[in-house]
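Have a look at start_15.txt below; it lists compact mmCIF, C-alpha atoms.
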# COMPACT_ATOMS: atom_id res chain seq x y z
CA MET A 391 375.33 216.09 127.47
CA SER A 392 376.72 213.75 130.12
CA SER A 393 377.11 210.05 129.53
CA ASP A 394 375.19 209.60 132.77
CA TRP A 395 372.08 210.90 131.02
CA SER A 396 372.33 208.20 128.34
CA TYR A 397 372.84 205.60 131.06
CA LEU A 398 369.74 206.80 132.91
CA VAL A 399 367.64 206.44 129.75
CA GLY A 400 368.64 202.79 129.71
CA GLN A 401 367.52 202.49 133.35
CA MET A 402 364.17 204.17 132.72
CA HIS A 403 362.02 201.07 133.08
CA ALA A 404 363.63 200.21 136.40
CA LEU A 405 363.37 203.75 137.77
CA LEU A 406 359.88 204.73 136.66
CA ALA A 407 356.52 203.04 137.16
CA PRO A 408 355.46 201.10 134.05
CA SER A 409 352.31 203.23 133.80
CA MET A 410 354.62 206.21 133.24
CA ALA A 411 357.53 204.64 131.36
CA LYS A 412 355.70 202.57 128.74
CA ASP A 413 353.93 205.31 126.83
CA HIS A 414 354.66 206.09 123.17
CA PRO A 415 357.36 206.77 122.04
CA ASN A 416 359.67 207.51 125.02
CA LEU A 417 361.71 209.93 122.95
CA PRO A 418 364.74 211.15 124.95
CA VAL A 419 364.97 214.91 124.47
CA VAL A 420 367.43 217.53 125.69
CA LYS A 421 365.59 220.70 124.69
CA ALA A 422 362.39 222.06 123.17
CA GLU A 423 361.78 225.31 121.35
CA GLY A 424 358.84 226.57 119.29
CA ALA A 425 357.34 223.60 117.46
CA TYR A 426 360.39 221.35 117.90
CA TYR A 427 361.96 218.85 120.27
CA TYR A 428 365.72 218.30 120.14
CA GLY A 429 366.60 214.67 120.77
CA LEU A 430 369.41 213.06 122.70
CA ASP A 431 370.23 211.41 119.36
CA GLY A 432 371.08 214.82 117.86
CA LYS A 433 367.97 214.91 115.65
CA THR A 434 365.28 217.59 115.50
CA TYR A 435 361.64 216.51 115.77
CA LEU A 436 358.60 218.51 114.68
CA ASP A 437 356.19 218.26 117.62
CA PHE A 438 352.59 217.66 116.53
CA THR A 439 351.56 216.82 120.10
CA SER A 440 352.18 220.17 121.88
CA GLY A 441 353.01 218.13 124.97
CA ILE A 442 349.42 216.72 124.71
CA ALA A 443 347.71 220.06 123.94
CA VAL A 444 349.74 222.01 126.51
CA ALA A 445 352.32 224.06 124.59
CA ASN A 446 349.74 226.08 122.63
CA THR A 447 352.16 229.04 122.46
CA GLY A 448 354.97 226.71 121.39
CA HIS A 449 357.72 225.36 123.61
CA ARG A 450 359.61 227.91 125.71
CA HIS A 451 358.08 231.03 124.21
CA PRO A 452 360.49 233.85 125.16
CA LYS A 453 357.80 235.95 126.85
CA VAL A 454 356.62 233.01 128.94
CA VAL A 455 360.18 232.09 129.93
CA GLU A 456 360.91 235.67 130.94
CA ALA A 457 357.71 235.83 133.01
CA ILE A 458 358.73 232.66 134.84
CA LYS A 459 362.20 234.05 135.60
CA GLN A 460 360.84 237.34 136.91
CA ALA A 461 358.22 235.59 139.03
CA ALA A 462 360.81 233.26 140.56
CA ASP A 463 362.77 236.31 141.67
CA GLN A 464 359.77 237.44 143.72
CA LEU A 465 357.83 234.43 145.04
CA VAL A 466 358.12 230.68 144.50
CA HIS A 467 355.26 229.41 146.64
CA GLY A 468 352.03 230.92 147.94
CA PRO A 469 349.92 229.08 149.48
CA SER A 470 346.89 231.05 148.32
CA GLY A 471 344.56 232.01 151.13
CA VAL A 472 347.30 232.02 153.71
CA VAL A 473 348.91 234.76 151.61
CA ILE A 474 347.66 236.48 148.49
CA TYR A 475 349.72 237.73 145.56
CA GLU A 476 349.24 239.78 142.44
CA SER A 477 349.62 237.10 139.76
CA ILE A 478 346.70 234.97 140.95
CA LEU A 479 344.34 237.95 141.09
CA ARG A 480 345.49 239.36 137.75
CA LEU A 481 345.08 235.95 136.14
CA ALA A 482 341.52 235.56 137.43
CA LYS A 483 340.69 239.00 136.05
CA GLU A 484 342.30 238.30 132.66
CA LEU A 485 340.58 234.95 132.26
CA THR A 486 337.18 236.64 132.46
CA THR A 487 338.09 238.46 129.22
CA VAL A 488 338.30 235.20 127.25
CA LEU A 489 335.81 232.91 129.01
CA PRO A 490 332.07 232.85 128.22
CA ALA A 491 330.11 235.51 130.08
CA GLY A 492 329.12 234.51 133.60
CA LEU A 493 332.08 232.20 134.22
CA ASP A 494 333.91 234.65 136.42
CA CYS A 495 334.99 232.97 139.66
CA PHE A 496 337.94 230.60 140.03
CA PHE A 497 339.35 227.85 142.19
CA PHE A 498 342.91 227.29 140.98
CA ALA A 499 344.53 223.86 141.23
CA ASN A 500 347.40 222.01 139.52
CA SER A 501 346.04 219.53 136.97
CA GLY A 502 343.07 218.68 134.83
CA THR A 503 341.90 215.87 137.06
CA GLU A 504 341.95 218.23 140.06
CA ALA A 505 339.81 220.71 138.16
CA ILE A 506 337.33 217.93 137.41
CA GLU A 507 337.27 216.83 141.04
CA GLY A 508 336.52 220.41 142.02
CA ALA A 509 333.77 220.76 139.43
CA ILE A 510 331.92 217.62 140.55
CA LYS A 511 332.37 218.48 144.19
CA LEU A 512 331.02 221.99 143.64
CA ALA A 513 327.99 220.68 141.73
CA LYS A 514 327.09 218.22 144.48
CA HIS A 515 327.60 220.82 147.18
CA VAL A 516 325.36 223.39 145.45
CA THR A 517 322.54 221.04 144.40
CA LYS A 518 322.61 218.71 147.44
CA ARG A 519 322.05 215.90 144.92
CA PRO A 520 324.11 212.67 144.86
CA TYR A 521 324.32 211.48 141.23
CA VAL A 522 326.44 212.44 138.20
CA ILE A 523 325.82 211.67 134.53
CA SER A 524 328.78 211.32 132.17
CA PHE A 525 329.17 210.11 128.59
CA LEU A 526 330.77 206.98 127.17
CA GLY A 527 334.20 207.58 125.69
CA CYS A 528 334.97 210.72 127.68
CA PHE A 529 338.23 211.06 129.58
CA HIS A 530 338.18 213.24 132.70
CA GLY A 531 341.28 212.05 134.58
CA ARG A 532 342.48 209.12 136.63
CA SER A 533 342.13 210.20 140.26
CA MET A 534 339.30 208.33 141.96
CA GLY A 535 336.60 210.99 141.67
CA SER A 536 337.33 211.86 138.06
CA LEU A 537 337.82 208.18 137.29
CA SER A 538 334.20 207.56 138.24
CA VAL A 539 333.19 209.55 135.14
CA THR A 540 336.06 208.48 132.84
CA THR A 541 335.06 205.81 130.33
CA SER A 542 337.43 206.23 127.38
CA LYS A 543 339.05 202.87 128.22
CA SER A 544 337.94 200.22 130.69
CA LYS A 545 341.57 199.49 131.66
CA TYR A 546 341.70 202.80 133.51
CA ARG A 547 338.97 201.55 135.86
CA LYS A 548 340.17 197.94 136.21
CA PHE A 549 340.14 196.63 139.81
CA LEU A 550 339.43 200.11 141.16
CA GLN A 551 335.63 200.00 141.45
CA PRO A 552 335.40 203.78 141.07
CA GLY A 553 332.55 205.14 143.14
CA GLY A 554 330.85 208.46 142.84
CA LEU A 555 327.30 207.33 142.07
CA THR A 556 327.52 207.86 138.32
CA TYR A 557 325.53 206.89 135.26
CA GLN A 558 326.83 206.89 131.69
CA LEU A 559 325.02 207.72 128.44
CA PRO A 560 326.28 207.33 124.86
CA TYR A 561 328.25 210.20 123.34
CA ALA A 562 326.93 211.72 120.10
CA ARG A 563 326.77 208.94 117.49
CA VAL A 564 327.20 210.91 114.27
CA GLU A 565 328.27 207.80 112.35
CA GLU A 566 324.86 206.23 113.01
CA CYS A 567 322.97 209.12 111.43
CA PRO A 568 320.96 207.80 108.44
CA ALA A 569 321.96 209.04 105.00
CA GLY A 570 320.22 212.30 104.20
CA ALA A 571 319.22 212.96 107.82
CA ASP A 572 320.27 216.08 109.70
CA PRO A 573 322.99 215.09 112.22
CA ASP A 574 322.00 217.89 114.61
CA ALA A 575 318.38 216.80 114.75
CA TYR A 576 319.18 213.07 114.77
CA CYS A 577 321.73 213.24 117.60
CA ALA A 578 319.56 215.61 119.64
CA GLU A 579 316.61 213.24 119.35
CA ARG A 580 318.75 210.26 120.38
CA LEU A 581 320.03 212.18 123.39
CA GLU A 582 316.50 213.03 124.48
CA LYS A 583 315.55 209.35 124.28
CA ASP A 584 318.69 208.29 126.17
CA PHE A 585 317.81 210.64 129.03
CA GLU A 586 314.17 209.49 129.02
CA THR A 587 315.29 205.86 129.37
CA LEU A 588 317.76 206.70 132.12
CA PHE A 589 315.19 208.68 134.10
CA ALA A 590 312.52 206.02 133.64
CA HIS A 591 314.62 203.04 134.74
CA GLN A 592 317.67 204.05 136.81
CA VAL A 593 317.58 207.46 138.47
CA THR A 594 315.12 210.31 138.82
CA PRO A 595 316.23 213.69 137.44
CA GLU A 596 315.79 215.44 140.78
CA GLU A 597 318.56 213.21 142.19
CA VAL A 598 321.12 214.25 139.55
CA ALA A 599 323.56 216.98 140.52
CA CYS A 600 325.31 217.43 137.19
CA ALA A 601 326.10 216.14 133.73
CA ILE A 602 329.76 216.29 132.71
CA VAL A 603 330.98 216.11 129.12
CA GLU A 604 333.95 216.82 126.90
CA PRO A 605 332.54 219.17 124.23
CA VAL A 606 334.89 217.38 121.84
CA LEU A 607 335.82 213.82 122.73
CA GLY A 608 339.56 213.82 123.45
CA GLU A 609 341.41 210.69 124.55
CA GLY A 610 338.35 208.69 123.50
CA GLY A 611 338.94 209.37 119.82
CA TYR A 612 338.59 213.06 118.84
CA ILE A 613 334.88 212.84 118.09
CA VAL A 614 333.30 216.18 117.17
CA PRO A 615 329.60 216.24 118.08
CA PRO A 616 326.96 218.27 116.23
CA LYS A 617 326.16 221.61 117.84
CA GLY A 618 322.56 220.47 118.19
CA TRP A 619 323.59 217.62 120.49
CA LEU A 620 325.32 219.94 122.98
CA LYS A 621 322.46 222.45 122.75
CA LYS A 622 319.98 219.65 123.57
CA LEU A 623 322.15 218.63 126.53
CA ARG A 624 322.02 222.22 127.81
CA GLU A 625 318.24 222.24 127.37
CA ILE A 626 317.74 218.96 129.24
CA CYS A 627 319.93 220.09 132.12
CA ASP A 628 318.02 223.38 132.40
CA ARG A 629 314.70 221.54 132.35
CA HIS A 630 315.63 219.42 135.37
CA GLY A 631 317.83 221.78 137.39
CA ILE A 632 320.94 219.76 136.57
CA LEU A 633 324.24 221.65 136.41
CA LEU A 634 326.20 221.24 133.17
CA ILE A 635 329.98 220.80 133.42
CA PHE A 636 332.25 221.19 130.41
CA ASP A 637 335.63 219.47 130.61
CA GLU A 638 337.69 221.92 128.56
CA VAL A 639 341.03 220.62 129.79
CA GLN A 640 342.07 219.70 126.24
CA THR A 641 339.75 221.88 124.14
CA GLY A 642 340.55 225.15 125.92
CA PHE A 643 342.83 228.06 125.11
CA GLY A 644 342.33 228.25 121.37
CA ARG A 645 342.56 224.60 120.46
CA THR A 646 339.16 224.45 118.67
CA GLY A 647 339.56 227.81 116.90
CA ASN A 648 337.92 229.81 119.68
CA TRP A 649 339.19 230.51 123.16
CA PHE A 650 337.00 227.64 124.40
CA ALA A 651 334.84 225.00 122.78
CA ALA A 652 331.86 226.49 124.60
CA GLN A 653 332.19 229.43 122.19
CA THR A 654 332.78 227.15 119.21
CA PHE A 655 329.49 225.35 119.86
CA GLY A 656 327.53 228.26 121.30
CA VAL A 657 326.76 226.48 124.58
CA THR A 658 327.76 227.88 127.97
CA PRO A 659 328.08 225.41 130.87
CA ASP A 660 327.44 226.17 134.53
CA ILE A 661 330.90 224.94 135.52
CA MET A 662 334.05 224.55 133.46
CA ALA A 663 337.30 222.67 134.12
CA ILE A 664 340.36 224.17 132.41
CA ALA A 665 344.06 223.21 132.41
CA LYS A 666 346.68 222.06 129.85
CA GLY A 667 347.21 225.14 127.62
CA ILE A 668 346.59 227.60 130.45
CA ALA A 669 350.25 228.15 131.40
CA SER A 670 352.35 226.86 128.48
CA GLY A 671 353.63 223.84 130.40
CA LEU A 672 353.60 224.83 134.07
CA PRO A 673 351.20 222.89 136.32
CA LEU A 674 348.01 224.93 136.65
CA SER A 675 344.28 224.36 136.32
CA ALA A 676 341.03 225.89 137.46
CA THR A 677 337.47 225.02 138.29
CA VAL A 678 335.43 227.93 136.93
CA ALA A 679 331.84 228.94 137.67
CA SER A 680 329.75 232.00 138.42
CA HIS A 681 330.24 233.82 141.69
CA ASP A 682 326.67 232.85 142.61
CA LEU A 683 327.64 229.17 142.50
CA MET A 684 331.06 229.56 144.06
CA LYS A 685 329.80 231.54 147.05
CA GLN A 686 327.80 228.47 148.09
CA TRP A 687 331.11 226.65 148.58
CA PRO A 688 332.18 227.99 152.01
CA LEU A 689 335.62 228.17 153.59
CA GLY A 690 337.09 224.72 154.20
CA SER A 691 334.81 222.84 151.83
CA HIS A 692 337.64 222.65 149.31
CA GLY A 693 341.32 223.54 149.49
CA THR A 694 344.79 223.27 148.00
CA THR A 695 348.42 223.71 148.99
CA PHE A 696 350.03 224.21 145.59
CA GLY A 697 347.09 225.31 143.42
CA GLY A 698 347.47 228.71 141.81
CA ASN A 699 351.24 228.72 142.26
CA PRO A 700 352.56 232.28 141.73
CA ILE A 701 355.08 231.27 139.06
CA ALA A 702 352.46 229.23 137.18
CA CYS A 703 350.03 232.16 137.35
CA ALA A 704 352.70 234.48 135.92
CA ALA A 705 353.29 232.00 133.09
CA ALA A 706 349.54 231.89 132.44
CA LEU A 707 349.35 235.67 132.24
CA ALA A 708 352.19 235.67 129.72
CA THR A 709 350.46 232.88 127.79
CA LEU A 710 347.27 234.91 127.45
CA GLU A 711 349.28 237.94 126.36
CA VAL A 712 351.14 235.97 123.70
CA MET A 713 347.97 234.37 122.38
CA LYS A 714 346.34 237.76 121.96
CA GLU A 715 349.38 239.54 120.50
CA GLU A 716 350.13 236.78 117.99
CA ASN A 717 346.48 236.05 117.07
CA LEU A 718 346.94 232.37 117.88
CA VAL A 719 343.21 231.64 118.14
CA GLU A 720 342.75 232.90 114.60
CA ASN A 721 345.81 230.94 113.48
CA ALA A 722 344.25 227.78 114.94
CA ARG A 723 341.19 228.31 112.75
CA VAL A 724 343.16 229.08 109.58
CA MET A 725 345.83 226.41 109.96
CA GLY A 726 343.28 223.88 111.20
CA SER A 727 341.19 224.40 108.08
CA TYR A 728 344.28 224.08 105.89
CA ALA A 729 345.44 220.90 107.62
CA ARG A 730 342.00 219.35 107.26
CA GLU A 731 341.95 220.10 103.53
CA GLN A 732 345.33 218.44 103.07
CA LEU A 733 344.30 215.42 105.12
CA CYS A 734 341.14 214.98 103.06
CA ARG A 735 343.37 214.77 99.99
CA LEU A 736 345.49 212.10 101.70
CA GLN A 737 342.29 210.27 102.67
CA GLN A 738 341.42 209.91 98.98
CA LYS A 739 344.87 208.47 98.33
CA HIS A 740 345.16 206.06 101.27
CA PRO A 741 342.67 203.31 102.17
CA THR A 742 344.41 203.18 105.57
CA ILE A 743 342.87 206.54 106.51
CA GLY A 744 339.32 206.19 107.81
CA SER A 745 337.54 209.31 109.02
CA ILE A 746 339.08 212.76 109.53
CA ARG A 747 337.79 214.38 112.73
CA ALA A 748 338.73 218.01 113.12
CA VAL A 749 337.81 221.28 114.74
CA GLY A 750 340.47 223.99 114.76
CA LEU A 751 343.85 222.40 115.47
CA MET A 752 342.31 219.46 117.30
CA ILE A 753 342.58 216.85 114.56
CA GLY A 754 342.00 213.11 114.66
CA ILE A 755 343.05 210.77 111.83
CA GLU A 756 341.43 207.34 112.08
CA ILE A 757 343.64 204.45 110.98
CA VAL A 758 341.94 201.35 109.61
CA ASP A 759 343.12 198.06 108.17
CA PRO A 760 343.05 198.69 104.39
CA ARG A 761 341.95 195.09 103.83
CA THR A 762 339.02 195.02 106.27
CA ASN A 763 338.34 198.67 107.16
CA ALA A 764 338.47 197.69 110.86
CA PRO A 765 340.04 200.06 113.43
CA ASN A 766 343.77 199.34 113.45
CA GLY A 767 345.74 200.33 116.54
CA GLU A 768 348.65 198.06 115.68
CA GLY A 769 349.00 199.64 112.26
CA LEU A 770 348.78 203.08 113.80
CA LEU A 771 351.80 202.42 116.02
CA THR A 772 353.78 201.26 112.99
CA ILE A 773 352.87 204.47 111.18
CA LEU A 774 353.73 206.65 114.19
CA ASN A 775 357.14 204.99 114.50
CA LYS A 776 357.80 205.60 110.81
CA CYS A 777 356.81 209.25 111.24
CA LEU A 778 359.16 209.54 114.21
CA SER A 779 362.05 208.17 112.17
CA LYS A 780 361.27 210.91 109.62
CA GLY A 781 361.35 213.61 112.29
CA VAL A 782 357.67 214.13 113.20
CA LEU A 783 356.09 213.30 116.54
CA PHE A 784 352.39 212.42 116.60
CA TYR A 785 350.37 210.83 119.41
CA LEU A 786 347.43 208.44 119.57
CA CYS A 787 343.95 208.20 121.06
CA GLY A 788 340.73 206.22 120.65
CA ASN A 789 339.31 203.24 122.51
CA ARG A 790 341.57 200.88 120.55
CA GLY A 791 344.41 203.33 119.96
CA GLU A 792 343.28 203.70 116.36
CA VAL A 793 343.26 207.50 115.98
CA ILE A 794 346.30 209.70 115.36
CA ARG A 795 346.20 212.90 117.37
CA MET A 796 347.48 215.88 115.41
CA ILE A 797 347.63 218.74 117.90
CA PRO A 798 350.51 221.05 116.94
CA PRO A 799 351.24 224.29 118.78
CA LEU A 800 348.86 227.09 117.77
CA THR A 801 351.94 228.87 116.41
CA VAL A 802 352.24 226.24 113.65
CA THR A 803 352.95 227.47 110.13
CA ARG A 804 351.75 226.27 106.76
CA GLU A 805 355.27 225.07 105.99
CA GLN A 806 355.39 222.98 109.17
CA ILE A 807 352.01 221.43 108.39
CA ASP A 808 353.17 220.64 104.85
CA PHE A 809 356.32 218.95 106.14
CA GLY A 810 354.51 216.98 108.84
CA LEU A 811 351.80 215.72 106.49
CA ARG A 812 354.34 214.89 103.80
CA MET A 813 356.12 212.65 106.30
CA LEU A 814 352.77 211.13 107.32
CA ASP A 815 352.02 210.49 103.65
CA GLU A 816 355.36 208.73 103.21
CA ALA A 817 354.86 206.67 106.38
CA ILE A 818 351.40 205.49 105.35
CA THR A 819 352.59 204.73 101.82
CA GLU A 820 355.38 202.53 103.21
CA TYR A 821 352.97 200.84 105.62
CA GLU A 822 350.39 200.12 102.93
CA HIS A 823 353.05 198.69 100.64
CA GLU A 824 354.30 196.41 103.43
CA ILE A 825 350.93 195.19 104.65
CA LEU A 826 349.38 194.70 101.21
CA CYS A 827 352.46 192.89 99.92
CA ILE A 828 352.45 190.65 103.01
CA GLY A 829 348.77 190.02 102.57
CA SER A 830 349.21 189.12 98.91
CA SER A 831 352.09 186.72 99.58
CA ALA A 832 350.09 185.05 102.37
CA VAL A 833 347.31 184.28 99.91
Turn this file's structure into structure tokens for me.
Amino acid sequence: MSSDWSYLVGQMHALLAPSMAKDHPNLPVVKAEGAYYYGLDGKTYLDFTSGIAVANTGHRHPKVVEAIKQAADQLVHGPSGVVIYESILRLAKELTTVLPAGLDCFFFANSGTEAIEGAIKLAKHVTKRPYVISFLGCFHGRSMGSLSVTTSKSKYRKFLQPGGLTYQLPYARVEECPAGADPDAYCAERLEKDFETLFAHQVTPEEVACAIVEPVLGEGGYIVPPKGWLKKLREICDRHGILLIFDEVQTGFGRTGNWFAAQTFGVTPDIMAIAKGIASGLPLSATVASHDLMKQWPLGSHGTTFGGNPIACAAALATLEVMKEENLVENARVMGSYAREQLCRLQQKHPTIGSIRAVGLMIGIEIVDPRTNAPNGEGLLTILNKCLSKGVLFYLCGNRGEVIRMIPPLTVTREQIDFGLRMLDEAITEYEHEILCIGSSAV
């Protein structure tokens, strides 16, 4: 590796925008393979981030790499519509084999936020209604349209006055459910009341084009709602002719133990936004709906230059093939259940661990101050840095950065989970010893 590369790392903060260069942990890497990053420092790091839920088949899966090479020998750029090519049509056909029935027509784009923009735009075009309802804590992207429905952190919206004519309702509040009460019934009843209040005081239902939601809260803290809450949302939307959009950018492609969270929760939306794990790291996304909805979106009402790139589509086809051949959706269920069991054992050992939030291999580990039980983003960063020094890369989420994201590739093995959680155990043990000793000496 050239010395120039090391020099450039030192220049990173001058070369890149702070919003890009100040994320955690800025680990310089030279290669990735399977579940591992290989660092510029010569160390190997177990990747429990999957490139933020992207590398579901693992980094550089041989079949995906080979598909990319073969595609590049044929066609590098489309633009779809001006020309048409096999990979985009084959991908659309293959996706219908894993998506919920009825979601069978696609507008391909490049990123999750583009898929969200397309979904909202389609809903408004079809219904001829102006307003959108979203839910507090959800993250849908940071372009201006998607930002109007993103509320995971207020800093994303600061000074931008995102428009879009949107209203926000609370996400499922499982933690508020009274002891002994049924969370499904409690959260469904609260949702009904939230909608009643909104419709009585702020907007009439016949003005609302769509409701958009993450079926599992992602960047906002990995909150898993009761099935009854999402089923009630579907019911309310049907009652008022409101289209339901699922943001499955992070939950899709096996992450929750099914191909999509819609199947995990037994609720099918009218429109779905998918991205991240679709192409094992190449930029690709899609707005998905029925043909009946899509045909109401005529030529010129939406468009793209790079969306559905032929190489990305070939990578996506290989991704689907790998996931089926290697039973990665099933592995997400089995390994996710195993990881949750092990984390519950750690939770009993460590007062620093608050709640464990998990569905499939989408796992959130809340970090709290062991002295006050308050959400502890500062402590979380200390723990993540300790894990990194031990060779394991985690990421964070939550409104205050208080939740560890554990989202390994769906290829993850029991041995890799054991190693990663053993390092997490050691990191938390060291942190608790430091903070409790400091606290004692201060008294």
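Nearest to Pro659 in chain A of all the residues A:Leu489, A:Leu479, A:Cys577, A:Leu550 is A:Leu489, based on only C-alpha atoms.
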For range 743-756 of chain A, list every protein, DNA or RNA residue within 6 Å, evaluated using all atoms listed in the file, and leave out those in the same chain fewer than 3 positions away; present the list as a VMD selection string. chain A and resid 612 645 to 647 722 to 723 726 737 740 792 to 797
Could you check which residues have any atom within 8 Å of (321.7, 211.8, 127.3), counting only C-alpha atoms with coordinates taken straight from the file, and then list them as a count of residues only? 11
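The residues that lie within 10 Å of the point (326.5, 217.1, 139.4), counting all atoms listed in the file, are A:Ala509, A:Ile510, A:Lys511, A:Leu512, A:Ala513, A:Lys514, A:His515, A:Val516, A:Thr517, A:Lys518, A:Arg519, A:Pro520, A:Tyr521, A:Val522, A:Ile523, A:Ser524, A:Thr556, A:Glu597, A:Val598, A:Ala599, A:Cys600, A:Ala601, A:Ile602, A:Ile632, A:Leu633, A:Leu634, A:Ile635, A:Ile661.
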Report, as JSON, the centre and edge lengths in Å (one decimal) of the axis-aligned box enclosing every listed atom of range 799-816 of chain A, padded by 6 Å on each side.
{"center_x": 352.6, "center_y": 218.8, "center_z": 111.0, "size_x": 19.5, "size_y": 32.1, "size_z": 27.6}
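Pairwise distance (CA of Gly554 in chain A, CA of Thr540 in chain A) equals 11.3 Å.
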Using all atoms listed in the file, can you tell me which of A:Arg547, A:Arg450, A:Gly611, A:Ser680 comes closest to Gly767 in chain A? A:Gly611
With distances taken over only C-alpha atoms, which of A:Ala676, A:Ile668, A:Leu398, A:Ala457 is nearest to Ala505 in chain A? A:Ala676
